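Engineer: There's a structure below that I have some questions on.
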Amino acid sequence: MKNKNLKSLFVPLLTALSLSVTATSAVANDFPSKPINYIIPFNAGGESDLSARFQQSVFEKYAGEKAVIQYMPGAGGAVAWSQLNGMESDGHTIMGINIPHSIMQPIVKDSGYTTDELTPLYYFHYTPNAIFVPANSQFKDLGQLIDYAKKNPGMVTFAGSGSNSANHIGQATFDKLTGVTSTYVPFSGIGPAMTSLMGSQVMAGFAYATSGASAGDKLRMLAVSSEKRLSAFPDVPTFKELGIDLVGGAYRGIAVPKSTPEDVRQKLSDIIGNINKDPEFVKKMEDNGFVLTDIAYENMDAFIEANKAEYQGVAQLLGLIK
């Protein structure tokens, strides 16, 4: 009698579970079934926007559907990331995500989200920091800027993308390594930061090297924080060449709402990975100073944990936390 009762309970349960698994697989097999809403958590015109536009040009080739780019700027990405888990979770909504922003912000203050609440699927490129000045600036090289900053503490103003971003960390580290005191001016994205610099509203920019491609002859790049010179900017020295042990920048990728099905997450990761190998896309990225990376979904946990440990140490070193 007991066995019959157990059987009457378990058979419907197993059937329901089987139907659930089948339904999930069907969703993944049919995905995507409509255009992908690709949200950029910054203003238009920055590196996140530019790389997404390059992806958009070949997205349909690998996904079978187009990507539609939208913007949700504010607080260095925090406005969008704090809302991500409340968005449509069938895979048709993806969002740009950055490191160190998405790790440093919750370490330093309440940002409306935690790093562990975010679900990144793929980090597809890296952009090193660089120091820029307007083309008509009095500073012809980095040595001249450093000399001026030492004689005029706080007078050198650096525009950058948000507080506790890669740009902000770069500027603070630069000050420590060179013994200068400069002033960091955070903007809601690299686009407005560079616009401010080109309008000479600030003295310099601690931005991403890729900004040099879009700025053309309006800006002068004094140094780049990569291990070696970038092929897109062969005449720009690295900080290391100039005797400053400064290497750093930002990783960019895509994330989805936490309730997005596992199979769909993997399929999106595969799509971005295929785009990252597309010759047309690769050329556009490298010509604009981007460094391609391939951190896929299956390697994400280890990558995030390593970066959390690194930036916890950075925050302590810079005095942002005790």
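In the structure tokens, each chain is lettered A, B, ... as it comes, each chain's residues begin at 1, and ligands are numbered from 1 in order of appearance.
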Run DSSP on the backbone and grab whatever in segment 178-307 of chain A lands in helix (DSSP H, G or I); send it over as a PyMOL selection string.
Structural biologist: chain A and resi 178+190-198+211-218+240-242+262-275+279-287+297-307
Engineer: Give me every strand (DSSP E or B) residue in segment 36-274 of chain A, going by DSSP on the backbone, as an NGL selection string.
Structural biologist: :A and (36-40 or 67-71 or 93-99 or 119-134 or 157-161 or 183-187 or 204-208 or 219-224 or 238 or 249-256)
Engineer: With only C-alpha atoms as the counted atoms, please give the residues lying no more than 8 Å from segment 241-244 of chain A, apart from itself and same-chain residues fewer than 3 positions off, as a CSV table (one decimal) with N, CA and C atoms, in the first residue's frame.
Structural biologist:
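Output file selection-v4.csv follows:
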chain,number,residue,atom,x,y,z
A,177,LEU,N,52.9,56.2,-7.7
A,177,LEU,CA,54.2,55.7,-8.3
A,177,LEU,C,55.1,56.9,-8.6
A,178,THR,N,54.5,58.1,-8.9
A,178,THR,CA,55.3,59.2,-9.4
A,178,THR,C,55.5,60.3,-8.3
A,237,PRO,N,54.9,55.5,-26.1
A,237,PRO,CA,55.6,54.6,-25.2
A,237,PRO,C,54.7,54.0,-24.1
A,238,THR,N,55.1,52.9,-23.5
A,238,THR,CA,54.5,52.4,-22.4
A,238,THR,C,55.0,53.1,-21.1
Engineer: With distances taken over only C-alpha atoms, which of A:Ala315, A:Gly253, A:Ile107, A:Phe239 is nearest to Asp141 of chain A?
Structural biologist: A:Phe239
Engineer: Residues near segment 290-301 of chain A, anyone? I mean within 7 Å using only C-alpha atoms, not counting same-chain ones fewer than 6 positions away, as a VMD selection string.
Structural biologist: chain A and resid 121 to 127 210 266 269 273
Engineer: Produce a file of the selected residues containing C-alpha atoms, as a short mmCIF file (atom, residue, chain, number, x, y, z; two decimals), in the first residue's frame.
Structural biologist:
data_model
loop_
_atom_site.label_atom_id
_atom_site.label_comp_id
_atom_site.auth_asym_id
_atom_site.auth_seq_id
_atom_site.Cartn_x
_atom_site.Cartn_y
_atom_site.Cartn_z
CA LEU A 121 29.01 35.16 -19.78
CA TYR A 122 32.03 36.25 -21.75
CA TYR A 123 34.83 38.84 -21.47
CA PHE A 124 35.88 39.54 -25.02
CA HIS A 125 38.41 42.36 -24.86
CA TYR A 126 40.78 44.38 -22.72
CA THR A 127 41.68 48.06 -23.06
CA THR A 210 41.33 53.16 -27.71
CA GLN A 266 26.09 28.77 -22.84
CA SER A 269 28.75 32.62 -24.67
CA GLY A 273 33.15 33.56 -28.81
#
Engineer: Rounded to one decimal, what separation in Å do you get between atom CA of Gln138 of chain A and atom CA of Ala207 of chain A?
Structural biologist: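 Spanning atom CA of Gln138 of chain A to atom CA of Ala207 of chain A is a straight-line distance of 18.9 Å.
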Engineer: Need to verify the contact set: Gly77 of chain A, 12 Å, only C-alpha atoms, exclusion of same-chain residues closer than 4 positions in sequence. Can you return it as an mmCIF file with N, CA and C atoms, in the first residue's frame?
Structural biologist:
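Saved the output as selection_33.cif:
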data_model
loop_
_atom_site.group_PDB
_atom_site.id
_atom_site.type_symbol
_atom_site.label_atom_id
_atom_site.label_comp_id
_atom_site.auth_asym_id
_atom_site.auth_seq_id
_atom_site.Cartn_x
_atom_site.Cartn_y
_atom_site.Cartn_z
ATOM 1 N N ILE A 39 22.131 46.091 -24.008
ATOM 2 C CA ILE A 39 22.139 47.320 -23.210
ATOM 3 C C ILE A 39 23.569 47.713 -22.848
ATOM 4 N N ILE A 40 23.928 48.944 -23.163
ATOM 5 C CA ILE A 40 25.225 49.495 -22.786
ATOM 6 C C ILE A 40 25.016 50.357 -21.544
ATOM 7 N N PRO A 41 25.723 50.077 -20.438
ATOM 8 C CA PRO A 41 25.477 50.807 -19.190
ATOM 9 C C PRO A 41 26.217 52.137 -19.090
ATOM 10 N N PHE A 42 26.601 52.674 -20.233
ATOM 11 C CA PHE A 42 27.322 53.952 -20.295
ATOM 12 C C PHE A 42 26.731 54.796 -21.421
ATOM 13 N N ASN A 43 27.229 56.018 -21.547
ATOM 14 C CA ASN A 43 26.804 56.874 -22.648
ATOM 15 C C ASN A 43 27.311 56.335 -23.987
ATOM 16 N N SER A 48 32.814 50.803 -24.611
ATOM 17 C CA SER A 48 31.764 49.778 -24.536
ATOM 18 C C SER A 48 30.823 49.888 -25.731
ATOM 19 N N TYR A 71 20.985 52.287 -24.470
ATOM 20 C CA TYR A 71 21.877 52.851 -23.458
ATOM 21 C C TYR A 71 21.137 53.076 -22.144
ATOM 22 N N MET A 72 21.825 52.764 -21.044
ATOM 23 C CA MET A 72 21.300 53.009 -19.706
ATOM 24 C C MET A 72 22.455 53.520 -18.839
ATOM 25 N N PRO A 73 22.909 54.756 -19.079
ATOM 26 C CA PRO A 73 24.087 55.260 -18.362
ATOM 27 C C PRO A 73 23.771 55.706 -16.937
ATOM 28 N N TRP A 81 23.538 47.921 -13.879
ATOM 29 C CA TRP A 81 23.828 46.626 -13.250
ATOM 30 C C TRP A 81 22.917 46.349 -12.069
ATOM 31 N N SER A 82 22.496 47.391 -11.362
ATOM 32 C CA SER A 82 21.597 47.192 -10.220
ATOM 33 C C SER A 82 20.196 46.789 -10.668
ATOM 34 N N GLN A 83 19.874 46.987 -11.943
ATOM 35 C CA GLN A 83 18.548 46.642 -12.472
ATOM 36 C C GLN A 83 18.552 45.368 -13.317
ATOM 37 N N LEU A 84 19.717 44.831 -13.596
ATOM 38 C CA LEU A 84 19.833 43.732 -14.555
ATOM 39 C C LEU A 84 18.997 42.517 -14.180
ATOM 40 N N MET A 95 23.655 42.596 -21.408
ATOM 41 C CA MET A 95 24.151 43.895 -20.964
ATOM 42 C C MET A 95 25.670 43.904 -20.946
ATOM 43 N N GLY A 96 26.253 45.024 -21.358
ATOM 44 C CA GLY A 96 27.687 45.182 -21.245
ATOM 45 C C GLY A 96 28.105 45.201 -19.780
ATOM 46 N N ILE A 97 29.286 44.638 -19.501
ATOM 47 C CA ILE A 97 29.789 44.597 -18.131
ATOM 48 C C ILE A 97 31.297 44.813 -18.157
ATOM 49 N N ASN A 98 31.811 45.482 -17.134
ATOM 50 C CA ASN A 98 33.235 45.841 -17.098
ATOM 51 C C ASN A 98 33.891 45.395 -15.798
ATOM 52 N N ILE A 99 35.156 45.077 -15.905
ATOM 53 C CA ILE A 99 36.043 44.904 -14.750
ATOM 54 C C ILE A 99 37.176 45.913 -14.927
ATOM 55 N N PRO A 100 37.512 46.717 -13.910
ATOM 56 C CA PRO A 100 37.212 46.526 -12.494
ATOM 57 C C PRO A 100 35.928 47.167 -11.978
ATOM 58 N N HIS A 101 35.211 47.949 -12.792
ATOM 59 C CA HIS A 101 34.025 48.664 -12.308
ATOM 60 C C HIS A 101 33.111 47.775 -11.461
ATOM 61 N N SER A 102 32.711 46.627 -12.027
ATOM 62 C CA SER A 102 31.700 45.786 -11.392
ATOM 63 C C SER A 102 32.229 45.057 -10.156
ATOM 64 N N ILE A 103 33.524 45.128 -9.917
ATOM 65 C CA ILE A 103 34.109 44.551 -8.706
ATOM 66 C C ILE A 103 34.445 45.648 -7.700
ATOM 67 N N MET A 104 35.049 46.723 -8.170
ATOM 68 C CA MET A 104 35.469 47.800 -7.274
ATOM 69 C C MET A 104 34.291 48.560 -6.661
ATOM 70 N N GLN A 105 33.266 48.827 -7.440
ATOM 71 C CA GLN A 105 32.149 49.629 -6.922
ATOM 72 C C GLN A 105 31.531 49.039 -5.654
ATOM 73 N N PRO A 106 31.169 47.746 -5.638
ATOM 74 C CA PRO A 106 30.587 47.188 -4.413
ATOM 75 C C PRO A 106 31.586 47.072 -3.258
ATOM 76 N N SER A 111 26.527 50.068 -3.991
ATOM 77 C CA SER A 111 26.283 50.454 -5.379
ATOM 78 C C SER A 111 24.946 49.963 -5.908
ATOM 79 N N GLY A 112 24.138 49.347 -5.039
ATOM 80 C CA GLY A 112 22.842 48.836 -5.484
ATOM 81 C C GLY A 112 22.914 47.419 -6.017
ATOM 82 N N TYR A 113 24.088 46.821 -6.026
ATOM 83 C CA TYR A 113 24.284 45.444 -6.473
ATOM 84 C C TYR A 113 25.569 44.924 -5.837
ATOM 85 N N SER A 161 36.435 57.757 -16.742
ATOM 86 C CA SER A 161 35.118 57.119 -16.782
ATOM 87 C C SER A 161 34.706 56.640 -15.399
ATOM 88 N N GLY A 162 33.966 57.452 -14.671
ATOM 89 C CA GLY A 162 33.373 57.034 -13.413
ATOM 90 C C GLY A 162 34.339 56.906 -12.254
ATOM 91 N N SER A 163 33.781 56.908 -11.053
ATOM 92 C CA SER A 163 34.566 56.679 -9.839
ATOM 93 C C SER A 163 34.813 55.189 -9.647
ATOM 94 N N ASN A 164 35.987 54.850 -9.114
ATOM 95 C CA ASN A 164 36.371 53.461 -8.837
ATOM 96 C C ASN A 164 36.356 52.596 -10.095
ATOM 97 N N SER A 165 36.648 53.218 -11.216
ATOM 98 C CA SER A 165 36.762 52.527 -12.498
ATOM 99 C C SER A 165 38.236 52.246 -12.768
ATOM 100 N N PHE A 187 33.399 61.039 -14.972
ATOM 101 C CA PHE A 187 32.265 61.280 -15.877
ATOM 102 C C PHE A 187 31.445 60.000 -15.972
ATOM 103 N N SER A 188 30.277 60.077 -16.574
ATOM 104 C CA SER A 188 29.383 58.918 -16.666
ATOM 105 C C SER A 188 29.815 57.930 -17.745
ATOM 106 N N GLY A 189 30.871 58.224 -18.439
ATOM 107 C CA GLY A 189 31.408 57.335 -19.460
ATOM 108 C C GLY A 189 32.587 57.999 -20.140
ATOM 109 N N ILE A 190 33.312 57.218 -20.946
ATOM 110 C CA ILE A 190 34.481 57.765 -21.633
ATOM 111 C C ILE A 190 34.078 58.800 -22.672
ATOM 112 N N ARG A 252 36.052 44.076 -20.827
ATOM 113 C CA ARG A 252 34.641 44.274 -21.157
ATOM 114 C C ARG A 252 34.027 42.977 -21.666
#
Engineer: For Gly86 of chain A, which of A:Leu222, A:Ala193, A:Val256, A:Ala250 is the closest residue, counting only C-alpha atoms?
Structural biologist: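 The shortest atom-to-atom distance to Gly86 of chain A comes from A:Val256.
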Engineer: Please report the interatomic distance between atom CA of Ser226 of chain A and atom CA of Gly248 of chain A in Å with one decimal.
Structural biologist: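 That distance, rounded to one decimal, is 6.7 Å.
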Engineer: Go through A:Asn307, A:Thr195, A:Tyr208, A:Asp147 and flag the residue nearest Gly179 of chain A, using only C-alpha atoms for the distances.
Structural biologist: A:Asp147
Engineer: Any idea what the distance is between atom CA of Ala302 of chain A and atom CA of Val247 of chain A?
Structural biologist: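 About the pair atom CA of Ala302 of chain A and atom CA of Val247 of chain A: they are 21.5 Å apart.
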